[in-house]
Structures are given as C-alpha cells and as structure tokens.
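One file, target-v8.csv, is given below (CSV, N, CA and C atoms).
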```
chain,number,residue,atom,x,y,z
K,754,MET,N,83.5,-8.3,-34.8
K,754,MET,CA,84.3,-9.3,-35.6
K,754,MET,C,83.8,-9.2,-37.0
K,755,ARG,N,84.8,-9.4,-37.9
K,755,ARG,CA,84.5,-9.5,-39.3
K,755,ARG,C,85.5,-10.5,-39.9
K,756,ASN,N,84.8,-11.4,-40.6
K,756,ASN,CA,85.6,-12.6,-41.2
K,756,ASN,C,86.5,-13.2,-40.1
K,757,THR,N,85.9,-13.4,-39.0
K,757,THR,CA,86.6,-14.0,-37.8
K,757,THR,C,87.8,-13.3,-37.3
K,758,ARG,N,88.0,-12.0,-37.7
K,758,ARG,CA,89.1,-11.2,-37.3
K,758,ARG,C,88.6,-10.1,-36.4
K,759,ARG,N,89.1,-9.9,-35.3
K,759,ARG,CA,88.7,-8.8,-34.5
K,759,ARG,C,89.4,-7.5,-34.9
K,760,LYS,N,88.6,-6.4,-34.9
K,760,LYS,CA,89.2,-5.1,-35.3
K,760,LYS,C,88.7,-4.1,-34.3
K,761,THR,N,89.6,-3.2,-33.9
K,761,THR,CA,89.3,-2.2,-32.9
K,761,THR,C,89.2,-0.9,-33.7
K,762,ILE,N,88.1,-0.2,-33.4
K,762,ILE,CA,87.7,1.1,-34.0
K,762,ILE,C,87.6,2.2,-32.9
K,763,ASP,N,88.2,3.3,-33.1
K,763,ASP,CA,88.0,4.4,-32.2
K,763,ASP,C,86.8,5.2,-32.6
K,764,VAL,N,85.9,5.5,-31.6
K,764,VAL,CA,84.7,6.2,-31.8
K,764,VAL,C,84.6,7.4,-30.9
K,765,VAL,N,84.1,8.5,-31.5
K,765,VAL,CA,83.9,9.7,-30.7
K,765,VAL,C,82.4,9.9,-30.6
K,766,LEU,N,81.9,9.9,-29.4
K,766,LEU,CA,80.4,10.1,-29.2
K,766,LEU,C,80.2,11.6,-28.9
K,767,GLY,N,79.0,12.0,-29.4
K,767,GLY,CA,78.6,13.4,-29.2
K,767,GLY,C,77.1,13.4,-28.9
K,768,GLN,N,76.6,14.6,-28.6
K,768,GLN,CA,75.2,14.7,-28.3
K,768,GLN,C,74.5,15.4,-29.5
K,769,ARG,N,73.4,14.8,-29.9
K,769,ARG,CA,72.6,15.3,-31.1
K,769,ARG,C,71.9,16.6,-30.7
K,770,PRO,N,72.0,17.6,-31.5
K,770,PRO,CA,71.3,18.9,-31.1
K,770,PRO,C,69.8,18.7,-31.1
K,771,GLN,N,69.2,19.3,-30.1
K,771,GLN,CA,67.8,19.1,-30.0
K,771,GLN,C,66.9,19.7,-31.1
K,772,ASN,N,67.4,20.7,-31.8
K,772,ASN,CA,66.6,21.4,-32.8
K,772,ASN,C,66.5,20.6,-34.1
K,773,LEU,N,67.1,19.5,-34.2
K,773,LEU,CA,67.0,18.7,-35.4
K,773,LEU,C,65.6,18.1,-35.6
K,774,THR,N,64.9,17.9,-34.5
K,774,THR,CA,63.6,17.3,-34.5
K,774,THR,C,62.5,18.3,-34.3
K,775,ALA,N,62.8,19.5,-34.5
K,775,ALA,CA,61.8,20.6,-34.2
K,775,ALA,C,60.5,20.5,-34.9
K,776,MET,N,60.5,20.6,-36.2
K,776,MET,CA,59.2,20.7,-36.9
K,776,MET,C,59.3,19.8,-38.1
K,777,PRO,N,58.1,19.2,-38.5
K,777,PRO,CA,58.1,18.3,-39.6
K,777,PRO,C,58.2,19.2,-40.9
K,778,GLN,N,58.8,18.7,-41.9
K,778,GLN,CA,59.0,19.4,-43.2
K,778,GLN,C,57.8,19.0,-44.0
K,779,PRO,N,57.3,19.9,-44.9
K,779,PRO,CA,56.2,19.6,-45.7
K,779,PRO,C,56.5,18.5,-46.7
K,780,SER,N,55.5,17.7,-47.0
K,780,SER,CA,55.8,16.5,-47.9
K,780,SER,C,55.6,16.9,-49.4
K,781,VAL,N,55.5,18.1,-49.7
K,781,VAL,CA,55.4,18.6,-51.1
K,781,VAL,C,56.4,19.6,-51.4
K,782,ALA,N,56.8,19.7,-52.6
K,782,ALA,CA,57.8,20.7,-53.0
K,782,ALA,C,57.0,21.8,-53.7
K,783,PRO,N,56.3,22.7,-53.0
K,783,PRO,CA,55.4,23.7,-53.6
K,783,PRO,C,56.3,24.8,-54.2
K,784,GLU,N,55.7,25.6,-55.1
K,784,GLU,CA,56.3,26.8,-55.6
K,784,GLU,C,56.3,27.8,-54.4
K,785,THR,N,57.5,28.3,-54.0
K,785,THR,CA,57.6,29.1,-52.9
K,785,THR,C,58.2,30.4,-53.2
K,786,GLN,N,57.9,31.4,-52.2
K,786,GLN,CA,58.6,32.7,-52.3
K,786,GLN,C,58.9,33.1,-50.9
K,787,GLY,N,60.1,33.8,-50.8
K,787,GLY,CA,60.5,34.3,-49.5
K,787,GLY,C,60.1,35.7,-49.2
K,788,VAL,N,59.6,35.9,-48.0
K,788,VAL,CA,59.2,37.3,-47.6
K,788,VAL,C,59.5,37.4,-46.1
K,789,ALA,N,60.3,38.4,-45.6
K,789,ALA,CA,60.5,38.7,-44.2
K,789,ALA,C,61.1,37.5,-43.5
K,790,GLY,N,62.0,36.7,-44.1
K,790,GLY,CA,62.5,35.6,-43.4
K,790,GLY,C,61.7,34.3,-43.5
K,791,LEU,N,60.6,34.4,-44.2
K,791,LEU,CA,59.6,33.3,-44.3
K,791,LEU,C,59.6,32.8,-45.8
K,792,THR,N,59.6,31.5,-45.9
K,792,THR,CA,59.4,30.9,-47.2
K,792,THR,C,58.0,30.4,-47.2
K,793,LEU,N,57.2,30.9,-48.2
K,793,LEU,CA,55.7,30.7,-48.1
K,793,LEU,C,55.2,30.1,-49.4
K,794,SER,N,54.1,29.4,-49.3
K,794,SER,CA,53.5,28.8,-50.5
K,794,SER,C,52.0,29.1,-50.4
K,795,GLU,N,51.5,29.4,-51.5
K,795,GLU,CA,50.0,29.6,-51.6
K,795,GLU,C,49.3,28.3,-51.5
K,796,ILE,N,48.2,28.2,-50.8
K,796,ILE,CA,47.5,27.0,-50.5
K,796,ILE,C,46.7,26.6,-51.7
K,797,ASP,N,46.9,25.4,-52.3
K,797,ASP,CA,46.1,24.9,-53.3
K,797,ASP,C,45.6,23.5,-52.9
K,798,GLU,N,44.9,22.8,-53.8
K,798,GLU,CA,44.3,21.5,-53.5
K,798,GLU,C,45.4,20.5,-53.2
K,799,THR,N,46.5,20.5,-54.0
K,799,THR,CA,47.6,19.6,-53.7
K,799,THR,C,48.2,19.7,-52.3
K,800,LEU,N,48.5,21.0,-52.0
K,800,LEU,CA,49.0,21.3,-50.7
K,800,LEU,C,48.1,20.8,-49.6
K,801,ARG,N,46.8,21.1,-49.8
K,801,ARG,CA,45.7,20.7,-48.8
K,801,ARG,C,45.8,19.2,-48.6
K,802,GLU,N,45.9,18.5,-49.7
K,802,GLU,CA,45.9,17.0,-49.6
K,802,GLU,C,47.2,16.5,-48.9
K,803,ASN,N,48.3,17.0,-49.3
K,803,ASN,CA,49.6,16.5,-48.8
K,803,ASN,C,49.8,16.9,-47.4
K,804,GLU,N,49.3,18.0,-46.9
K,804,GLU,CA,49.5,18.4,-45.5
K,804,GLU,C,48.2,18.1,-44.7
K,805,ALA,N,47.2,17.5,-45.2
K,805,ALA,CA,46.0,17.1,-44.5
K,805,ALA,C,45.3,18.4,-43.9
K,806,LEU,N,45.3,19.4,-44.7
K,806,LEU,CA,44.6,20.7,-44.3
K,806,LEU,C,43.1,20.6,-44.5
K,807,PRO,N,42.3,21.2,-43.7
K,807,PRO,CA,40.9,21.2,-43.9
K,807,PRO,C,40.6,21.9,-45.2
K,808,GLU,N,39.5,21.5,-45.8
K,808,GLU,CA,39.0,21.9,-47.1
K,808,GLU,C,38.9,23.5,-47.2
K,809,ASN,N,38.5,24.1,-46.2
K,809,ASN,CA,38.3,25.6,-46.2
K,809,ASN,C,39.5,26.4,-45.8
K,810,THR,N,40.7,25.7,-45.7
K,810,THR,CA,41.9,26.4,-45.3
K,810,THR,C,42.3,27.4,-46.4
K,811,LYS,N,42.5,28.7,-46.0
K,811,LYS,CA,43.0,29.7,-46.8
K,811,LYS,C,44.2,30.4,-46.2
K,812,GLY,N,45.0,31.1,-47.0
K,812,GLY,CA,46.1,31.8,-46.5
K,812,GLY,C,47.4,31.4,-47.2
K,813,LEU,N,48.5,31.6,-46.5
K,813,LEU,CA,49.8,31.2,-46.9
K,813,LEU,C,50.5,30.2,-46.0
K,814,PHE,N,50.9,29.1,-46.6
K,814,PHE,CA,51.5,28.0,-45.8
K,814,PHE,C,53.0,28.3,-45.6
K,815,VAL,N,53.5,28.2,-44.4
K,815,VAL,CA,54.9,28.5,-44.0
K,815,VAL,C,55.7,27.2,-44.3
K,816,VAL,N,56.6,27.3,-45.3
K,816,VAL,CA,57.4,26.1,-45.8
K,816,VAL,C,58.7,26.1,-45.0
K,817,ASP,N,59.3,27.3,-44.7
K,817,ASP,CA,60.5,27.4,-44.0
K,817,ASP,C,60.6,28.7,-43.3
K,818,VAL,N,61.4,28.8,-42.2
K,818,VAL,CA,61.6,30.0,-41.5
K,818,VAL,C,63.0,30.2,-41.2
K,819,ASP,N,63.6,31.3,-41.6
K,819,ASP,CA,65.0,31.6,-41.3
K,819,ASP,C,65.2,31.8,-39.8
K,820,GLU,N,66.0,31.0,-39.2
K,820,GLU,CA,66.2,31.0,-37.8
K,820,GLU,C,66.7,32.3,-37.3
K,821,LYS,N,67.3,33.1,-38.1
K,821,LYS,CA,67.8,34.4,-37.7
K,821,LYS,C,66.8,35.6,-37.9
K,822,SER,N,65.6,35.2,-38.4
K,822,SER,CA,64.6,36.3,-38.7
K,822,SER,C,63.8,36.6,-37.4
K,823,ASP,N,63.2,37.8,-37.5
K,823,ASP,CA,62.3,38.2,-36.4
K,823,ASP,C,61.0,37.3,-36.4
K,824,ALA,N,60.6,36.8,-37.5
K,824,ALA,CA,59.4,35.9,-37.6
K,824,ALA,C,59.7,34.6,-36.7
K,825,TYR,N,60.9,34.1,-36.8
K,825,TYR,CA,61.3,32.9,-36.1
K,825,TYR,C,61.4,33.2,-34.6
K,826,ALA,N,61.9,34.4,-34.2
K,826,ALA,CA,62.0,34.8,-32.8
K,826,ALA,C,60.6,35.0,-32.2
K,827,LYS,N,59.7,35.4,-33.1
K,827,LYS,CA,58.3,35.6,-32.6
K,827,LYS,C,57.5,34.3,-32.6
K,828,GLY,N,58.1,33.2,-33.0
K,828,GLY,CA,57.4,31.9,-32.9
K,828,GLY,C,56.8,31.3,-34.1
K,829,ILE,N,56.9,32.0,-35.3
K,829,ILE,CA,56.4,31.4,-36.5
K,829,ILE,C,57.2,30.2,-36.9
K,830,ARG,N,56.5,29.1,-37.2
K,830,ARG,CA,57.2,27.9,-37.5
K,830,ARG,C,56.7,27.2,-38.8
K,831,VAL,N,57.4,26.2,-39.3
K,831,VAL,CA,57.0,25.5,-40.5
K,831,VAL,C,55.7,24.8,-40.2
K,832,GLY,N,54.8,24.9,-41.2
K,832,GLY,CA,53.4,24.4,-41.0
K,832,GLY,C,52.4,25.4,-40.5
K,833,ASP,N,52.8,26.5,-40.1
K,833,ASP,CA,51.9,27.6,-39.7
K,833,ASP,C,51.2,28.1,-41.0
K,834,ILE,N,50.0,28.7,-40.8
K,834,ILE,CA,49.3,29.3,-41.9
K,834,ILE,C,49.0,30.8,-41.5
K,835,ILE,N,49.5,31.7,-42.4
K,835,ILE,CA,49.3,33.1,-42.2
K,835,ILE,C,48.0,33.4,-43.0
K,836,THR,N,47.0,33.9,-42.3
K,836,THR,CA,45.7,34.2,-43.0
K,836,THR,C,45.4,35.7,-43.1
K,837,ASP,N,46.1,36.5,-42.3
K,837,ASP,CA,45.8,38.0,-42.3
K,837,ASP,C,47.2,38.7,-42.1
K,838,ALA,N,47.3,39.8,-42.8
K,838,ALA,CA,48.5,40.7,-42.6
K,838,ALA,C,48.0,42.1,-42.6
K,839,GLY,N,48.3,42.9,-41.5
K,839,GLY,CA,47.8,44.2,-41.4
K,839,GLY,C,46.3,44.3,-41.3
K,840,GLN,N,45.7,43.3,-40.7
K,840,GLN,CA,44.3,43.2,-40.5
K,840,GLN,C,43.5,43.0,-41.9
K,841,LYS,N,44.1,42.5,-42.9
K,841,LYS,CA,43.5,42.2,-44.1
K,841,LYS,C,43.8,40.8,-44.5
K,842,ALA,N,42.7,40.1,-45.0
K,842,ALA,CA,42.9,38.7,-45.4
K,842,ALA,C,43.9,38.6,-46.6
K,843,ILE,N,44.8,37.6,-46.5
K,843,ILE,CA,45.7,37.4,-47.6
K,843,ILE,C,45.6,35.9,-48.1
K,844,ASN,N,45.8,35.7,-49.4
K,844,ASN,CA,45.8,34.3,-49.9
K,844,ASN,C,47.0,34.1,-50.9
K,845,THR,N,47.7,35.2,-51.2
K,845,THR,CA,48.8,35.1,-52.1
K,845,THR,C,50.0,35.8,-51.6
K,846,VAL,N,51.2,35.4,-52.0
K,846,VAL,CA,52.4,36.1,-51.6
K,846,VAL,C,52.4,37.5,-52.1
K,847,ASP,N,51.8,37.8,-53.3
K,847,ASP,CA,51.8,39.2,-53.7
K,847,ASP,C,50.9,40.1,-52.8
K,848,GLU,N,49.8,39.5,-52.3
K,848,GLU,CA,49.0,40.3,-51.4
K,848,GLU,C,49.8,40.6,-50.1
K,849,LEU,N,50.6,39.6,-49.6
K,849,LEU,CA,51.4,39.9,-48.4
K,849,LEU,C,52.4,41.0,-48.7
K,850,LYS,N,53.1,40.9,-49.9
K,850,LYS,CA,54.1,41.9,-50.2
K,850,LYS,C,53.4,43.3,-50.4
K,851,GLU,N,52.2,43.3,-50.9
K,851,GLU,CA,51.5,44.6,-51.0
K,851,GLU,C,51.2,45.2,-49.6
K,852,GLN,N,50.8,44.3,-48.7
K,852,GLN,CA,50.5,44.8,-47.3
K,852,GLN,C,51.8,45.3,-46.7
K,853,ILE,N,52.9,44.6,-46.9
K,853,ILE,CA,54.2,45.0,-46.3
K,853,ILE,C,54.6,46.4,-46.9
K,854,SER,N,54.4,46.6,-48.2
K,854,SER,CA,54.7,47.8,-48.9
K,854,SER,C,53.9,49.0,-48.3
K,855,SER,N,52.6,48.7,-48.2
K,855,SER,CA,51.7,49.8,-47.7
K,855,SER,C,51.9,50.1,-46.3
K,856,THR,N,52.3,49.1,-45.5
K,856,THR,CA,52.7,49.4,-44.1
K,856,THR,C,53.9,50.2,-43.9
K,857,LYS,N,54.9,49.9,-44.8
K,857,LYS,CA,56.2,50.7,-44.8
K,857,LYS,C,55.9,52.1,-45.2
K,858,ALA,N,55.1,52.2,-46.3
K,858,ALA,CA,54.7,53.5,-46.8
K,858,ALA,C,54.0,54.4,-45.8
K,859,ALA,N,53.3,53.8,-44.8
K,859,ALA,CA,52.6,54.5,-43.8
K,859,ALA,C,53.6,54.8,-42.6
K,860,GLY,N,54.9,54.5,-42.8
K,860,GLY,CA,55.9,54.9,-41.8
K,860,GLY,C,56.0,53.9,-40.6
K,861,ARG,N,55.4,52.7,-40.8
K,861,ARG,CA,55.5,51.7,-39.7
K,861,ARG,C,56.6,50.7,-40.0
K,862,ASN,N,57.2,50.2,-38.9
K,862,ASN,CA,58.3,49.2,-39.0
K,862,ASN,C,57.9,47.8,-38.6
K,863,SER,N,56.7,47.7,-38.3
K,863,SER,CA,56.2,46.3,-37.9
K,863,SER,C,54.8,46.1,-38.4
K,864,MET,N,54.4,44.8,-38.5
K,864,MET,CA,53.1,44.5,-39.0
K,864,MET,C,52.5,43.4,-38.2
K,865,LEU,N,51.2,43.4,-38.1
K,865,LEU,CA,50.4,42.4,-37.3
K,865,LEU,C,50.0,41.3,-38.3
K,866,LEU,N,50.4,40.0,-37.9
K,866,LEU,CA,50.0,38.9,-38.7
K,866,LEU,C,49.0,38.0,-37.9
K,867,LEU,N,48.0,37.4,-38.5
K,867,LEU,CA,47.2,36.4,-37.9
K,867,LEU,C,47.7,35.1,-38.4
K,868,VAL,N,48.2,34.3,-37.4
K,868,VAL,CA,48.9,33.0,-37.7
K,868,VAL,C,48.1,31.9,-37.1
K,869,ARG,N,47.8,30.8,-37.9
K,869,ARG,CA,47.1,29.7,-37.3
K,869,ARG,C,48.0,28.5,-37.3
K,870,ARG,N,48.0,27.8,-36.1
K,870,ARG,CA,48.7,26.5,-36.0
K,870,ARG,C,47.7,25.5,-35.4
K,871,ASP,N,47.6,24.4,-36.1
K,871,ASP,CA,46.6,23.4,-35.7
K,871,ASP,C,45.2,24.0,-35.5
K,872,GLY,N,44.9,24.9,-36.4
K,872,GLY,CA,43.5,25.6,-36.3
K,872,GLY,C,43.4,26.7,-35.3
K,873,GLN,N,44.3,26.8,-34.4
K,873,GLN,CA,44.3,27.8,-33.4
K,873,GLN,C,44.9,29.1,-33.8
K,874,PRO,N,44.1,30.2,-33.7
K,874,PRO,CA,44.7,31.5,-34.2
K,874,PRO,C,45.5,32.2,-33.1
K,875,ARG,N,46.5,33.0,-33.5
K,875,ARG,CA,47.2,33.9,-32.6
K,875,ARG,C,47.8,35.0,-33.5
K,876,PHE,N,47.9,36.2,-32.8
K,876,PHE,CA,48.5,37.3,-33.5
K,876,PHE,C,50.0,37.4,-33.2
K,877,VAL,N,50.7,37.8,-34.2
K,877,VAL,CA,52.2,38.0,-34.1
K,877,VAL,C,52.5,39.3,-34.8
K,878,VAL,N,53.3,40.1,-34.1
K,878,VAL,CA,53.8,41.3,-34.7
K,878,VAL,C,55.3,41.1,-35.1
K,879,ILE,N,55.5,41.3,-36.4
K,879,ILE,CA,56.9,41.1,-37.0
K,879,ILE,C,57.5,42.4,-37.5
K,880,ASP,N,58.8,42.5,-37.4
K,880,ASP,CA,59.5,43.7,-37.9
K,880,ASP,C,59.6,43.6,-39.4
K,881,ILE,N,59.4,44.7,-40.1
K,881,ILE,CA,59.4,44.7,-41.6
K,881,ILE,C,60.4,45.7,-42.1
K,882,LYS,N,61.4,46.1,-41.3
K,882,LYS,CA,62.3,47.2,-41.7
K,882,LYS,C,63.0,46.9,-43.0
```
As structure tokens - that is how I would like this structure written.
Amino acid sequence: MRNTRRKTIDVVLGQRPQNLTAMPQPSVAPETQGVAGLTLSEIDETLRENEALPENTKGLFVVDVDEKSDAYAKGIRVGDIITDAGQKAINTVDELKEQISSTKAAGRNSMLLLVRRDGQPRFVVIDIK
C-alpha cells in the first residue's frame, strides 16, 4: 500500500547465478598488468596491508582471472599469489613475461607456476601458446 492506495505490481522471479559470490575482490586498486589471462599486481606494502598479507609475502597478486583462460580452468583465482614461474622466483610482471618468453623460445607451450592460496603452495601448469 502506498498513500492508502493499493497497487498491484507484476514481478518475475529468477535464480541468482552461483558464481557471483565466488571470490572476494581486492580492496585496493593497484597498478595491474595482464598476462596469460591473469591481471596481476606486484606486491608492495600497501597491497600487503589492504589484503592482510604476511610481511614476508613475495610474488605477484592475482587481481582478476579471465574466466575463458587456461589459468582459470586450472584453478587460479583472485587473491592467489604466484611466486615462481618456470621454477624461478618472480616478483615483477616483467620477470613473469621474461619467463614466458624464454619458455616459448625453448619450444614449450606450457609453463609451471607455483601458486599460493592461504599460504598453501600448489603447482599449476598453464598454456602459454
């Protein structure tokens, strides 16, 4: 009722897609760069504070993942931290790009990443074609 007058409204109900609640978004707008379907940010003090990362956290923070990418299919998600690529420690996007280039130059189409989620490490092989 509104202003003592009854009004009838047609409503169509639907089901909310489950993937809308998938992963929390970072609370900072870091400078980011995209690589292999991943939007990455280098970890600095501001990002450590905003994301409550441990003081000794190093690597690249995953800000976004293209849902059509191989990285997404292999389970990399927002909030993950990539610490190694091609069995070498990485701390900058340029280091990751360099590893991808050298892996391609060696004739390989995939690369091994060490990805940490909640401090737990796991290896992920992604396509870099």
Mind checking DSSP for chain K and telling me the alpha helix (DSSP H) residues as an MDAnalysis selection string? chainID K and resid 798:803 823:826 846:858
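The spacing separating atom C of Glu798 in chain K from atom N of Lys841 in chain K amounts to 24.3 Å.
Residue nearest Tyr825 in chain K within the list K:Leu791, K:Ala838, K:Leu866, K:Ile762: K:Leu791 [criterion: smallest interatomic distance, only N, CA and C atoms].
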Hey, can you check how far CA of Gly790 in chain K sits from CA of Asp819 in chain K? 5.2 Å
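Reported to one decimal place, the separation of CA of Asn803 in chain K from CA of Ala826 in chain K is 27.3 Å.
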For a quick check of understanding, using all atoms listed in the file, which of K:Asp817, K:Asp837, K:Asp880, K:Asp763 has the smallest distance to Leu793 in chain K? K:Asp817
Please identify all polymer residues within 12 Å of Glu848 in chain K, counting only C-alpha atoms, omitting same-chain residues fewer than 3 positions from it, and present them as a PDB file with N, CA and C atoms, in the frame of the given file.
```
ATOM      1  N   VAL K 788      59.600  35.900 -48.000  1.00  0.00           N
ATOM      2  CA  VAL K 788      59.200  37.300 -47.600  1.00  0.00           C
ATOM      3  C   VAL K 788      59.500  37.400 -46.100  1.00  0.00           C
ATOM      4  N   GLU K 795      51.500  29.400 -51.500  1.00  0.00           N
ATOM      5  CA  GLU K 795      50.000  29.600 -51.600  1.00  0.00           C
ATOM      6  C   GLU K 795      49.300  28.300 -51.500  1.00  0.00           C
ATOM      7  N   GLY K 812      45.000  31.100 -47.000  1.00  0.00           N
ATOM      8  CA  GLY K 812      46.100  31.800 -46.500  1.00  0.00           C
ATOM      9  C   GLY K 812      47.400  31.400 -47.200  1.00  0.00           C
ATOM     10  N   LEU K 813      48.500  31.600 -46.500  1.00  0.00           N
ATOM     11  CA  LEU K 813      49.800  31.200 -46.900  1.00  0.00           C
ATOM     12  C   LEU K 813      50.500  30.200 -46.000  1.00  0.00           C
ATOM     13  N   ILE K 835      49.500  31.700 -42.400  1.00  0.00           N
ATOM     14  CA  ILE K 835      49.300  33.100 -42.200  1.00  0.00           C
ATOM     15  C   ILE K 835      48.000  33.400 -43.000  1.00  0.00           C
ATOM     16  N   THR K 836      47.000  33.900 -42.300  1.00  0.00           N
ATOM     17  CA  THR K 836      45.700  34.200 -43.000  1.00  0.00           C
ATOM     18  C   THR K 836      45.400  35.700 -43.100  1.00  0.00           C
ATOM     19  N   ASP K 837      46.100  36.500 -42.300  1.00  0.00           N
ATOM     20  CA  ASP K 837      45.800  38.000 -42.300  1.00  0.00           C
ATOM     21  C   ASP K 837      47.200  38.700 -42.100  1.00  0.00           C
ATOM     22  N   ALA K 838      47.300  39.800 -42.800  1.00  0.00           N
ATOM     23  CA  ALA K 838      48.500  40.700 -42.600  1.00  0.00           C
ATOM     24  C   ALA K 838      48.000  42.100 -42.600  1.00  0.00           C
ATOM     25  N   GLY K 839      48.300  42.900 -41.500  1.00  0.00           N
ATOM     26  CA  GLY K 839      47.800  44.200 -41.400  1.00  0.00           C
ATOM     27  C   GLY K 839      46.300  44.300 -41.300  1.00  0.00           C
ATOM     28  N   LYS K 841      44.100  42.500 -42.900  1.00  0.00           N
ATOM     29  CA  LYS K 841      43.500  42.200 -44.100  1.00  0.00           C
ATOM     30  C   LYS K 841      43.800  40.800 -44.500  1.00  0.00           C
ATOM     31  N   ALA K 842      42.700  40.100 -45.000  1.00  0.00           N
ATOM     32  CA  ALA K 842      42.900  38.700 -45.400  1.00  0.00           C
ATOM     33  C   ALA K 842      43.900  38.600 -46.600  1.00  0.00           C
ATOM     34  N   ILE K 843      44.800  37.600 -46.500  1.00  0.00           N
ATOM     35  CA  ILE K 843      45.700  37.400 -47.600  1.00  0.00           C
ATOM     36  C   ILE K 843      45.600  35.900 -48.100  1.00  0.00           C
ATOM     37  N   ASN K 844      45.800  35.700 -49.400  1.00  0.00           N
ATOM     38  CA  ASN K 844      45.800  34.300 -49.900  1.00  0.00           C
ATOM     39  C   ASN K 844      47.000  34.100 -50.900  1.00  0.00           C
ATOM     40  N   THR K 845      47.700  35.200 -51.200  1.00  0.00           N
ATOM     41  CA  THR K 845      48.800  35.100 -52.100  1.00  0.00           C
ATOM     42  C   THR K 845      50.000  35.800 -51.600  1.00  0.00           C
ATOM     43  N   GLU K 851      52.200  43.300 -50.900  1.00  0.00           N
ATOM     44  CA  GLU K 851      51.500  44.600 -51.000  1.00  0.00           C
ATOM     45  C   GLU K 851      51.200  45.200 -49.600  1.00  0.00           C
ATOM     46  N   GLN K 852      50.800  44.300 -48.700  1.00  0.00           N
ATOM     47  CA  GLN K 852      50.500  44.800 -47.300  1.00  0.00           C
ATOM     48  C   GLN K 852      51.800  45.300 -46.700  1.00  0.00           C
ATOM     49  N   ILE K 853      52.900  44.600 -46.900  1.00  0.00           N
ATOM     50  CA  ILE K 853      54.200  45.000 -46.300  1.00  0.00           C
ATOM     51  C   ILE K 853      54.600  46.400 -46.900  1.00  0.00           C
ATOM     52  N   SER K 854      54.400  46.600 -48.200  1.00  0.00           N
ATOM     53  CA  SER K 854      54.700  47.800 -48.900  1.00  0.00           C
ATOM     54  C   SER K 854      53.900  49.000 -48.300  1.00  0.00           C
ATOM     55  N   SER K 855      52.600  48.700 -48.200  1.00  0.00           N
ATOM     56  CA  SER K 855      51.700  49.800 -47.700  1.00  0.00           C
ATOM     57  C   SER K 855      51.900  50.100 -46.300  1.00  0.00           C
TER      58      SER K 855
END
```
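All protein and nucleic acid residues in the vicinity of (62.0, 35.9, -35.4), that is within 12 Å when counting only C-alpha atoms, are Ala789, Gly790, Leu791, Val818, Asp819, Glu820, Lys821, Ser822, Asp823, Ala824, Tyr825, Ala826, Lys827, Gly828, Ile829, Arg830, Val877, Val878, Ile879, Asp880 and Ile881 of chain K.
For the choices K:Ala859, K:Val765, K:Val815, K:Leu800, the atom-to-atom distance to Val846 in chain K is smallest for K:Val815 when using only C-alpha atoms.
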Output as a VMD selection string all residues of range 754-877 of chain K that backbone DSSP marks as strand (DSSP E). chain K and resid 786 to 788 791 to 795 813 to 818 834 to 838 841 to 842 863 to 870 873 to 877
For Arg870 in chain K, find every residue with an atom within 6.5 Å (counting only N, CA and C atoms), except residues of its own chain fewer than 4 positions away, and show them as a PyMOL selection string. chain K and resi 832-834+874-875
How would range 757-768 of chain K look with N, CA, C and O atoms restored, written as a compact mmCIF listing (two decimals), in the coordinates of the input?
```
# COMPACT_ATOMS: atom_id res chain seq x y z
N THR K 757 85.90 -13.40 -39.00
CA THR K 757 86.60 -14.00 -37.80
C THR K 757 87.80 -13.30 -37.30
O THR K 757 88.64 -13.84 -36.64
N ARG K 758 88.00 -12.00 -37.70
CA ARG K 758 89.10 -11.20 -37.30
C ARG K 758 88.60 -10.10 -36.40
O ARG K 758 87.61 -9.42 -36.84
N ARG K 759 89.10 -9.90 -35.30
CA ARG K 759 88.70 -8.80 -34.50
C ARG K 759 89.40 -7.50 -34.90
O ARG K 759 90.57 -7.47 -35.28
N LYS K 760 88.60 -6.40 -34.90
CA LYS K 760 89.20 -5.10 -35.30
C LYS K 760 88.70 -4.10 -34.30
O LYS K 760 87.58 -4.02 -33.89
N THR K 761 89.60 -3.20 -33.90
CA THR K 761 89.30 -2.20 -32.90
C THR K 761 89.20 -0.90 -33.70
O THR K 761 89.97 -0.49 -34.54
N ILE K 762 88.10 -0.20 -33.40
CA ILE K 762 87.70 1.10 -34.00
C ILE K 762 87.60 2.20 -32.90
O ILE K 762 86.88 1.94 -31.95
N ASP K 763 88.20 3.30 -33.10
CA ASP K 763 88.00 4.40 -32.20
C ASP K 763 86.80 5.20 -32.60
O ASP K 763 86.53 5.49 -33.77
N VAL K 764 85.90 5.50 -31.60
CA VAL K 764 84.70 6.20 -31.80
C VAL K 764 84.60 7.40 -30.90
O VAL K 764 84.92 7.28 -29.74
N VAL K 765 84.10 8.50 -31.50
CA VAL K 765 83.90 9.70 -30.70
C VAL K 765 82.40 9.90 -30.60
O VAL K 765 81.72 10.01 -31.61
N LEU K 766 81.90 9.90 -29.40
CA LEU K 766 80.40 10.10 -29.20
C LEU K 766 80.20 11.60 -28.90
O LEU K 766 80.94 12.31 -28.33
N GLY K 767 79.00 12.00 -29.40
CA GLY K 767 78.60 13.40 -29.20
C GLY K 767 77.10 13.40 -28.90
O GLY K 767 76.41 12.38 -28.94
N GLN K 768 76.60 14.60 -28.60
CA GLN K 768 75.20 14.70 -28.30
C GLN K 768 74.50 15.40 -29.50
O GLN K 768 74.96 16.35 -30.07
```
